[in-house]
Structure formats: structure tokens, C-alpha cells
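final_19.txt follows (compact mmCIF, C-alpha atoms):
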# COMPACT_ATOMS: atom_id res chain seq x y z
CA MET B 20 8.24 -27.55 31.99
CA ASN B 21 8.74 -30.87 30.33
CA LEU B 22 10.87 -30.28 27.23
CA THR B 23 10.10 -33.70 25.85
CA SER B 24 6.48 -32.61 25.39
CA LEU B 25 7.44 -29.88 22.90
CA PRO B 26 6.70 -30.65 19.24
CA VAL B 27 9.79 -31.91 17.49
CA ILE B 28 10.78 -30.04 14.35
CA SER B 29 12.63 -32.41 12.05
CA ALA B 30 16.12 -31.76 10.75
CA GLY B 31 14.62 -31.94 7.26
CA PHE B 32 12.44 -28.91 8.03
CA TRP B 33 15.43 -26.81 9.05
CA ALA B 34 17.42 -27.98 6.02
CA ALA B 35 14.51 -27.04 3.75
CA THR B 36 14.19 -23.65 5.50
CA ALA B 37 17.91 -22.98 5.00
CA MET B 38 17.68 -23.89 1.32
CA ILE B 39 14.58 -21.74 0.81
CA ALA B 40 16.45 -18.82 2.39
CA ALA B 41 19.49 -19.45 0.16
CA VAL B 42 17.37 -19.59 -3.02
CA VAL B 43 15.25 -16.56 -2.13
CA LEU B 44 18.19 -14.37 -1.02
CA SER B 45 20.41 -15.21 -4.00
CA SER B 46 17.50 -14.78 -6.42
CA THR B 47 16.60 -11.39 -4.91
CA ALA B 48 20.24 -10.27 -5.02
CA GLY B 49 20.43 -11.29 -8.68
CA GLU B 50 17.22 -9.45 -9.63
CA VAL B 51 18.17 -6.28 -7.77
CA LEU B 52 21.72 -6.18 -9.17
CA THR B 53 20.42 -6.78 -12.70
CA ALA B 54 17.79 -4.06 -12.29
CA ALA B 55 20.45 -1.66 -10.95
CA ALA B 56 22.66 -2.52 -13.94
CA MET B 57 19.90 -1.81 -16.44
CA LYS B 58 19.01 1.45 -14.70
CA SER B 59 22.64 2.56 -14.99
CA VAL B 60 22.81 1.51 -18.65
CA GLY B 61 19.69 3.51 -19.58
CA ASP B 62 16.78 2.88 -21.95
CA LEU B 63 17.85 0.01 -24.23
CA ASP B 64 15.28 0.99 -26.88
CA GLU B 65 16.91 4.41 -27.20
CA ILE B 66 20.43 2.94 -27.25
CA ARG B 67 19.37 0.50 -29.97
CA ALA B 68 17.83 3.34 -31.98
CA HIS B 69 21.10 5.30 -31.84
CA SER B 70 23.76 2.58 -31.91
CA GLY B 71 21.94 -0.49 -33.22
CA LEU B 72 21.57 -3.90 -31.60
CA LYS B 73 25.34 -4.31 -31.32
CA GLY B 74 25.59 -1.04 -29.39
CA ALA B 75 22.84 -2.17 -26.99
CA ILE B 76 24.58 -5.51 -26.39
CA VAL B 77 27.93 -3.77 -25.80
CA ALA B 78 26.27 -1.34 -23.36
CA VAL B 79 24.90 -4.25 -21.30
CA LEU B 80 28.04 -6.39 -21.45
CA THR B 81 30.32 -3.54 -20.34
CA CYS B 82 28.36 -3.04 -17.11
CA PRO B 83 30.00 -4.95 -14.19
CA LEU B 84 26.77 -4.90 -12.16
CA PHE B 85 25.11 -6.96 -14.89
CA PHE B 86 27.59 -9.80 -14.40
CA ALA B 87 27.16 -9.62 -10.63
CA GLY B 88 23.39 -9.98 -11.16
CA VAL B 89 23.79 -12.91 -13.55
CA PHE B 90 26.18 -14.58 -11.06
CA PHE B 91 23.60 -14.44 -8.25
CA MET B 92 20.83 -15.59 -10.59
CA ALA B 93 22.98 -18.59 -11.50
CA VAL B 94 23.61 -19.29 -7.79
CA ALA B 95 19.83 -19.18 -7.18
CA PHE B 96 19.18 -21.50 -10.12
CA PHE B 97 21.68 -24.13 -8.99
CA ALA B 98 20.61 -23.81 -5.35
CA LEU B 99 17.02 -24.54 -6.44
CA LEU B 100 18.15 -27.50 -8.56
CA PHE B 101 20.17 -28.83 -5.61
CA THR B 102 17.22 -28.40 -3.26
CA LEU B 103 14.82 -30.19 -5.61
CA ASN B 104 17.39 -32.94 -6.19
CA GLN B 105 17.71 -33.53 -2.42
CA ARG B 106 13.92 -34.18 -2.25
CA MET B 107 13.74 -31.73 0.66
CA GLU B 108 10.12 -31.08 1.58
CA LEU B 109 9.18 -30.72 -2.09
CA GLY B 110 5.69 -29.52 -1.31
CA LEU B 111 7.16 -26.65 0.69
CA VAL B 112 10.30 -25.59 -1.18
CA GLY B 113 8.81 -24.95 -4.65
CA PRO B 114 5.81 -22.82 -3.62
CA ALA B 115 7.68 -21.04 -0.82
CA THR B 116 10.61 -19.92 -3.00
CA ALA B 117 8.32 -18.84 -5.86
CA SER B 118 6.04 -16.75 -3.67
CA LEU B 119 8.59 -15.37 -1.19
CA THR B 120 10.76 -14.08 -4.05
CA VAL B 121 7.90 -11.81 -5.18
CA PHE B 122 7.75 -10.25 -1.73
CA THR B 123 11.51 -9.97 -1.08
CA ASN B 124 12.00 -8.37 -4.52
CA ALA B 125 9.49 -5.68 -3.62
CA VAL B 126 11.24 -5.05 -0.28
CA ALA B 127 14.70 -5.00 -1.91
CA ALA B 128 13.50 -2.71 -4.71
CA LYS B 129 12.30 -0.20 -2.11
CA LEU B 130 15.41 -0.46 0.10
CA PHE B 131 18.21 -0.67 -2.45
CA LEU B 132 16.78 0.78 -5.67
CA LYS B 133 14.75 3.48 -3.88
CA GLU B 134 11.69 2.60 -5.93
CA ASN B 135 8.34 4.03 -4.97
CA VAL B 136 6.64 0.84 -3.75
CA ASP B 137 3.33 2.45 -2.81
CA ARG B 138 0.23 0.89 -1.24
CA ARG B 139 -0.99 -0.25 -4.66
CA ARG B 140 2.22 -2.24 -5.30
CA TRP B 141 2.33 -3.69 -1.76
CA THR B 142 -1.26 -4.92 -2.09
CA SER B 143 -0.49 -6.35 -5.51
CA ALA B 144 2.68 -8.05 -4.17
CA VAL B 145 0.73 -9.71 -1.33
CA LEU B 146 -2.05 -10.91 -3.68
CA ILE B 147 0.44 -12.28 -6.23
CA CYS B 148 2.59 -13.82 -3.47
CA ILE B 149 -0.40 -15.82 -2.16
CA GLY B 150 -1.61 -16.58 -5.70
CA VAL B 151 1.76 -17.96 -6.81
CA TYR B 152 1.91 -20.09 -3.66
CA PHE B 153 -1.48 -21.63 -4.48
CA LEU B 154 -0.50 -22.21 -8.11
CA ALA B 155 2.83 -23.81 -7.26
CA HIS B 156 1.47 -25.94 -4.43
CA MET O 145 4.64 -5.61 -25.98
CA ILE O 146 7.91 -6.12 -24.09
CA LEU O 147 6.02 -6.92 -20.88
CA ILE O 148 3.88 -9.47 -22.76
CA LEU O 149 7.06 -11.15 -24.03
CA VAL O 150 8.50 -11.22 -20.48
CA ALA O 151 5.32 -12.78 -19.10
CA VAL O 152 4.83 -15.34 -21.88
CA CYS O 153 8.37 -16.47 -22.75
CA ALA O 154 9.48 -17.52 -19.23
CA PRO O 155 6.67 -19.98 -18.35
CA LEU O 156 6.47 -21.36 -21.89
CA GLY O 157 10.25 -21.76 -22.00
CA ASN O 158 10.29 -23.56 -18.65
CA THR O 159 7.45 -25.83 -19.79
CA CYS O 160 9.27 -26.70 -23.02
CA LEU O 161 12.47 -27.42 -21.09
CA ALA O 162 10.61 -29.63 -18.61
CA LYS O 163 8.85 -31.51 -21.41
CA GLY O 164 12.11 -31.98 -23.31
CA MET O 165 14.18 -33.06 -20.31
CA THR O 166 11.61 -35.53 -18.96
CA SER O 167 11.35 -37.24 -22.35
CA LEU O 168 15.11 -37.89 -22.34
CA PRO O 169 16.82 -40.79 -20.58
CA GLU O 170 18.33 -39.91 -17.19
CA LEU O 171 21.41 -37.71 -17.57
CA THR O 172 24.43 -37.78 -15.28
CA LEU O 173 27.48 -35.55 -14.93
CA ALA O 174 29.56 -38.60 -15.84
CA HIS O 175 28.42 -38.08 -19.45
CA PRO O 176 28.56 -34.31 -20.04
CA LEU O 177 28.34 -34.75 -23.82
CA ALA O 178 24.84 -36.21 -23.41
CA LEU O 179 23.84 -33.00 -21.60
CA PHE O 180 25.26 -30.97 -24.48
CA ALA O 181 23.42 -33.11 -27.03
CA ALA O 182 20.18 -32.64 -25.09
CA ALA O 183 20.30 -28.92 -25.89
CA PHE O 184 19.76 -29.76 -29.56
CA THR O 185 16.60 -31.83 -29.12
CA PRO O 186 13.52 -29.93 -30.41
CA TRP O 187 11.71 -29.21 -27.12
CA VAL O 188 14.87 -28.27 -25.20
CA ALA O 189 16.10 -26.07 -28.08
CA LEU O 190 12.70 -24.33 -28.22
CA GLY O 191 12.78 -23.87 -24.43
CA ILE O 192 16.27 -22.34 -24.58
CA ALA O 193 15.21 -20.01 -27.43
CA LEU O 194 12.17 -18.86 -25.44
CA LEU O 195 14.28 -18.27 -22.30
CA ILE O 196 16.80 -16.22 -24.31
CA GLY O 197 13.84 -14.19 -25.60
CA PHE O 198 12.62 -13.80 -22.02
CA PHE O 199 15.98 -12.56 -20.76
CA ALA O 200 16.41 -10.05 -23.61
CA SER O 201 12.91 -8.62 -23.12
CA TYR O 202 13.33 -8.66 -19.31
CA LEU O 203 16.54 -6.60 -19.54
CA THR O 204 14.85 -4.18 -21.93
CA ALA O 205 11.88 -3.80 -19.57
CA LEU O 206 14.17 -3.16 -16.58
CA SER O 207 15.95 -0.41 -18.53
CA TRP O 208 12.79 1.76 -18.55
CA ALA O 209 10.62 0.40 -15.71
CA ASP O 210 10.95 -0.38 -11.99
CA LEU O 211 11.84 -3.91 -10.89
CA SER O 212 8.82 -3.92 -8.54
CA TYR O 213 6.57 -2.96 -11.49
CA VAL O 214 7.99 -5.43 -14.06
CA MET O 215 7.93 -8.30 -11.56
CA LEU O 216 4.29 -7.70 -10.58
CA ALA O 217 2.89 -6.70 -13.98
CA THR O 218 4.30 -9.84 -15.62
CA ALA O 219 3.16 -12.27 -12.92
CA TRP O 220 0.18 -13.34 -15.04
CA GLY O 221 2.64 -15.50 -17.00
CA ASN O 222 2.52 -17.90 -14.01
CA MET O 223 -1.15 -18.64 -14.61
CA LEU O 224 -0.80 -18.84 -18.40
CA VAL O 225 0.55 -22.38 -18.20
CA GLU O 226 -2.29 -23.30 -15.84
CA LEU O 227 -4.94 -21.96 -18.22
CA LEU O 228 -3.29 -23.57 -21.26
CA ALA O 229 -3.13 -26.90 -19.45
CA HIS O 230 -6.82 -26.65 -18.59
CA PHE O 231 -8.27 -25.36 -21.86
CA CYS O 232 -5.88 -26.96 -24.39
CA LEU O 233 -4.89 -30.20 -22.65
CA HIS O 234 -8.15 -30.53 -20.65
CA GLU O 235 -6.18 -31.16 -17.44
CA PRO O 236 -8.20 -30.78 -14.23
CA VAL O 237 -7.41 -27.69 -12.14
CA SER O 238 -8.09 -27.80 -8.41
CA PHE O 239 -10.08 -25.15 -6.53
CA GLN O 240 -6.85 -24.02 -4.83
CA ARG O 241 -5.21 -23.36 -8.21
CA TRP O 242 -8.24 -21.46 -9.52
CA LEU O 243 -7.99 -19.34 -6.37
CA GLY O 244 -4.33 -18.71 -7.24
CA VAL O 245 -5.32 -17.64 -10.76
CA VAL O 246 -7.93 -15.21 -9.39
CA LEU O 247 -5.51 -13.69 -6.84
CA ILE O 248 -2.77 -13.18 -9.46
CA THR O 249 -5.28 -11.62 -11.86
CA LEU O 250 -6.40 -9.20 -9.14
CA GLY O 251 -2.79 -8.37 -8.24
CA VAL O 252 -1.79 -7.69 -11.85
CA ALA O 253 -4.97 -5.70 -12.54
CA LEU O 254 -4.18 -3.56 -9.52
CA VAL O 255 -0.58 -2.70 -10.40
CA ALA O 256 -0.61 -2.62 -14.22
CA PRO O 257 -2.44 0.72 -14.66
CA GLY O 258 -0.08 2.45 -12.21
CA PRO O 259 3.16 4.28 -13.00
CA SER O 260 5.89 1.98 -14.35
CA ARG O 261 8.83 4.06 -13.17
CA THR O 262 9.75 5.96 -10.03
CA GLU O 263 10.58 9.51 -10.94
CA GLN O 264 13.82 10.34 -9.16
CA PRO O 265 13.94 13.94 -7.88
CA ALA O 266 16.23 16.16 -9.94
CA PRO O 267 19.52 16.93 -8.16
CA HIS O 268 19.21 20.20 -6.25
CA ASN O 269 21.53 22.83 -7.67
CA SER O 270 22.13 25.31 -4.89
CA GLY O 271 24.28 27.51 -7.10
CA ALA O 272 21.59 28.07 -9.69
CA PRO O 273 20.30 31.60 -10.07
CA GLN O 274 16.90 32.17 -8.50

File written out as C-alpha cells:
Amino acid sequence: MNLTSLPVISAGFWAATAMIAAVVLSSTAGEVLTAAAMKSVGDLDEIRAHSGLKGAIVAVLTCPLFFAGVFFMAVAFFALLFTLNQRMELGLVGPATASLTVFTNAVAAKLFLKENVDRRRWTSAVLICIGVYFLAH
Amino acid sequence: MILILVAVCAPLGNTCLAKGMTSLPELTLAHPLALFAAAFTPWVALGIALLIGFFASYLTALSWADLSYVMLATAWGNMLVELLAHFCLHEPVSFQRWLGVVLITLGVALVAPGPSRTEQPAPHNSGAPQ
């Protein structure tokens, strides 16, 4: 088999793929940790009714998981900025990160938060994933 | 109401930020004060206010609903900017983008009427009297 006949995948493609993975994974980690934090805090509307807005803010800010979530969201944000700044396959990175995050969040919510992601939600996730890709493209 | 705020504030906030930042001269890290001053220009300030509103309503929504529900039920915010651009600014929208709008609408319509929270089974108390 002549290896030189194989299609050459550019280094830029692999760099873009690595950055997409970094953005999607850090974004998903941030969303899941934040959701876990808010689940552990409890219904904010009820907390605000009992302890006021200050009590609700204190309840959120005293949860360590919340800060872990915000940290990963910040990592995702700066990773996306870096990727866009490097002009890496712009037509691929934007749509791919936006749509893949929808899907990975659903997977992570089922695995780590034990949410009931039933057939209705999977179908919705796939439709929205493709729809966001088309919109962002 | 909270889910509407989540869906609307994020795309509008991002749009305001983009509009504000592109109208400014190029910023560099060599002049961090210029970046700080940019936060007080009208469009950027409005964008930041909308994103703070988004984050507050997003946290509230996650406190009583599943992440997989909030994320999907608020996805229509993505197409809001597209529709506003078309109907208010009369910008052309390609067939591919209209297809995206239709798919997101279908996805949201499918998930929104469903349950917003997974009911966790109550812990089994083996010592309870039968």
C-alpha cells in the first residue's frame, strides 16, 4: 500500500480538533459542576422567600462546587477566545463547539447528575445539536 | 418566566457585547485600562448587564430543573438573534439557517412539555415498620 496516496490531514485540522475538544470538555465540566452545585443548594426561589436575596446569594457563594463550575466555565470561555484568535478553521470551530456542547451536556447530565434523559430529550438534543450547527455555520 | 430570561438574555447580551466591542478601536493587553474603560461604553455595559441577568436566572433555573431540561428548553434563544436580524434589520437568512431555526423549534417543542426535573427515588429505609 502506497502511504503517499493517503489523504493528508493538515496540522491545522488536528490543532482545531484539539481546541474544540478542550472547549467542549471544559464547558461541559463547568455546566455539570454548576448544575450539581445548584442541586445541592436547593430551590433558590424558596431560599429567597425565607432568607431574602442576600440569603440566596450567600447560599450560592458558600457552595464550593459553584466555584469549581465557574472556574471551568472561565477556562472554556478563554479557550474559545484563544481558538478564535488563532484563526483555526473558523468555519469549523464555532459551529462544532456550539453544537457538540449540547450533546455532551446531555450525556454528562445522565452520567454524573443521574438525570432521566429519556428518548424525548435525546431526540430533542440531536435536533437542537444539528440546528445550532446550521445556525452557527 | 425564568426560562424565558435564560433564553433571551444570553444571545442578546452576546450581541450587545459584540456590537460594542467591534465599534471600539483594537484593544491590546498592553493597555489594560482601555479594556476596563470599554466596560463602561453603552453597548458593552448593556451586554454585561444582560449576561449578569442570564447567569442569575440560569442558576435559579438549575436549582429546580434538570440541566438537560434547561439547556434544551432554552435553546430557542439561539434563533432569536437570527429572527431579530431578519425581521428587524432585514438581513438575509440563508436556507441552511432557516433549516437550523426549524430544527431548534422542533427540538424545543419536543422537550418543553415534558417533566423539568428527575424525581430521585426516596432513600429506602429498611428499618421502617411495615

Residues of chain B within 8 Å of chain O, only C-alpha atoms counted, as a VMD selection string:
chain B and resid 50 to 51 53 to 54 57 to 58 60 to 64 121 124 to 125 128 134 to 136 139 to 140 142 to 147 149 to 154

Return the single residue from B:Ala115, B:Phe96, B:Phe122, B:Phe131 that is closest to B:Ser46, with distances computed using all atoms listed in the file.
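For B:Ser46, the nearest of the given residues is B:Phe96.
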
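Of the listed residues O:Phe180, O:Leu147, O:Leu161, O:Pro155, the one whose atoms come nearest to O:Leu228 is O:Pro155, with distances taken using only C-alpha atoms.
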
Show me, as a PDB file with C-alpha atoms, keeping the file's coordinate frame, the residues that have an atom within 12 Å of B:Ala93 when counting only C-alpha atoms, minus same-chain residues fewer than 2 positions from it.
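The resulting file, around_0.pdb, is shown below:
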ATOM      1  CA  VAL B  42      17.370 -19.590  -3.020  1.00  0.00           C
ATOM      2  CA  SER B  45      20.410 -15.210  -4.000  1.00  0.00           C
ATOM      3  CA  SER B  46      17.500 -14.780  -6.420  1.00  0.00           C
ATOM      4  CA  THR B  47      16.600 -11.390  -4.910  1.00  0.00           C
ATOM      5  CA  ALA B  48      20.240 -10.270  -5.020  1.00  0.00           C
ATOM      6  CA  GLY B  49      20.430 -11.290  -8.680  1.00  0.00           C
ATOM      7  CA  GLU B  50      17.220  -9.450  -9.630  1.00  0.00           C
ATOM      8  CA  PHE B  86      27.590  -9.800 -14.400  1.00  0.00           C
ATOM      9  CA  ALA B  87      27.160  -9.620 -10.630  1.00  0.00           C
ATOM     10  CA  GLY B  88      23.390  -9.980 -11.160  1.00  0.00           C
ATOM     11  CA  VAL B  89      23.790 -12.910 -13.550  1.00  0.00           C
ATOM     12  CA  PHE B  90      26.180 -14.580 -11.060  1.00  0.00           C
ATOM     13  CA  PHE B  91      23.600 -14.440  -8.250  1.00  0.00           C
ATOM     14  CA  ALA B  95      19.830 -19.180  -7.180  1.00  0.00           C
ATOM     15  CA  PHE B  96      19.180 -21.500 -10.120  1.00  0.00           C
ATOM     16  CA  PHE B  97      21.680 -24.130  -8.990  1.00  0.00           C
ATOM     17  CA  ALA B  98      20.610 -23.810  -5.350  1.00  0.00           C
ATOM     18  CA  LEU B  99      17.020 -24.540  -6.440  1.00  0.00           C
ATOM     19  CA  LEU B 100      18.150 -27.500  -8.560  1.00  0.00           C
TER      20      LEU B 100
END

Mind pulling up the distance from atom CA of B:Ala41 to atom CA of B:Ser118?
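Atom CA of B:Ala41 lies at a distance of 14.2 Å from atom CA of B:Ser118.
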
How big is the axis-aligned box around the listed atoms of stretch 68-79 of chain B once 3 Å is added on each side, and where is its centre? Give both in Å to one decimal, as JSON.
{"center_x": 22.9, "center_y": -0.1, "center_z": -27.3, "size_x": 16.1, "size_y": 16.8, "size_z": 17.9}

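One distance worth recording is that between atom CA of O:Met165 and atom CA of B:Ala155, which is 19.6 Å.
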
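Across the structure, atom CA of O:Cys153 and atom CA of O:Leu227 are spaced 15.1 Å apart.
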
What's the 7 Å shell around B:Leu119, counting all atoms listed in the file, without same-chain residues fewer than 4 positions away, as a list in words?
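So, after excluding close chain neighbours, the residues are Val43, Ala115, Thr123 and Cys148 of chain B.
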
Could you check which residues have any atom within 12 Å of (4.5, -16.5, -24.6), counting only C-alpha atoms with coordinates taken straight from the file, and then list them as a PyMOL selection string?
chain O and resi 145-160+190-191+193-195+197-198+201+218+220-225+228
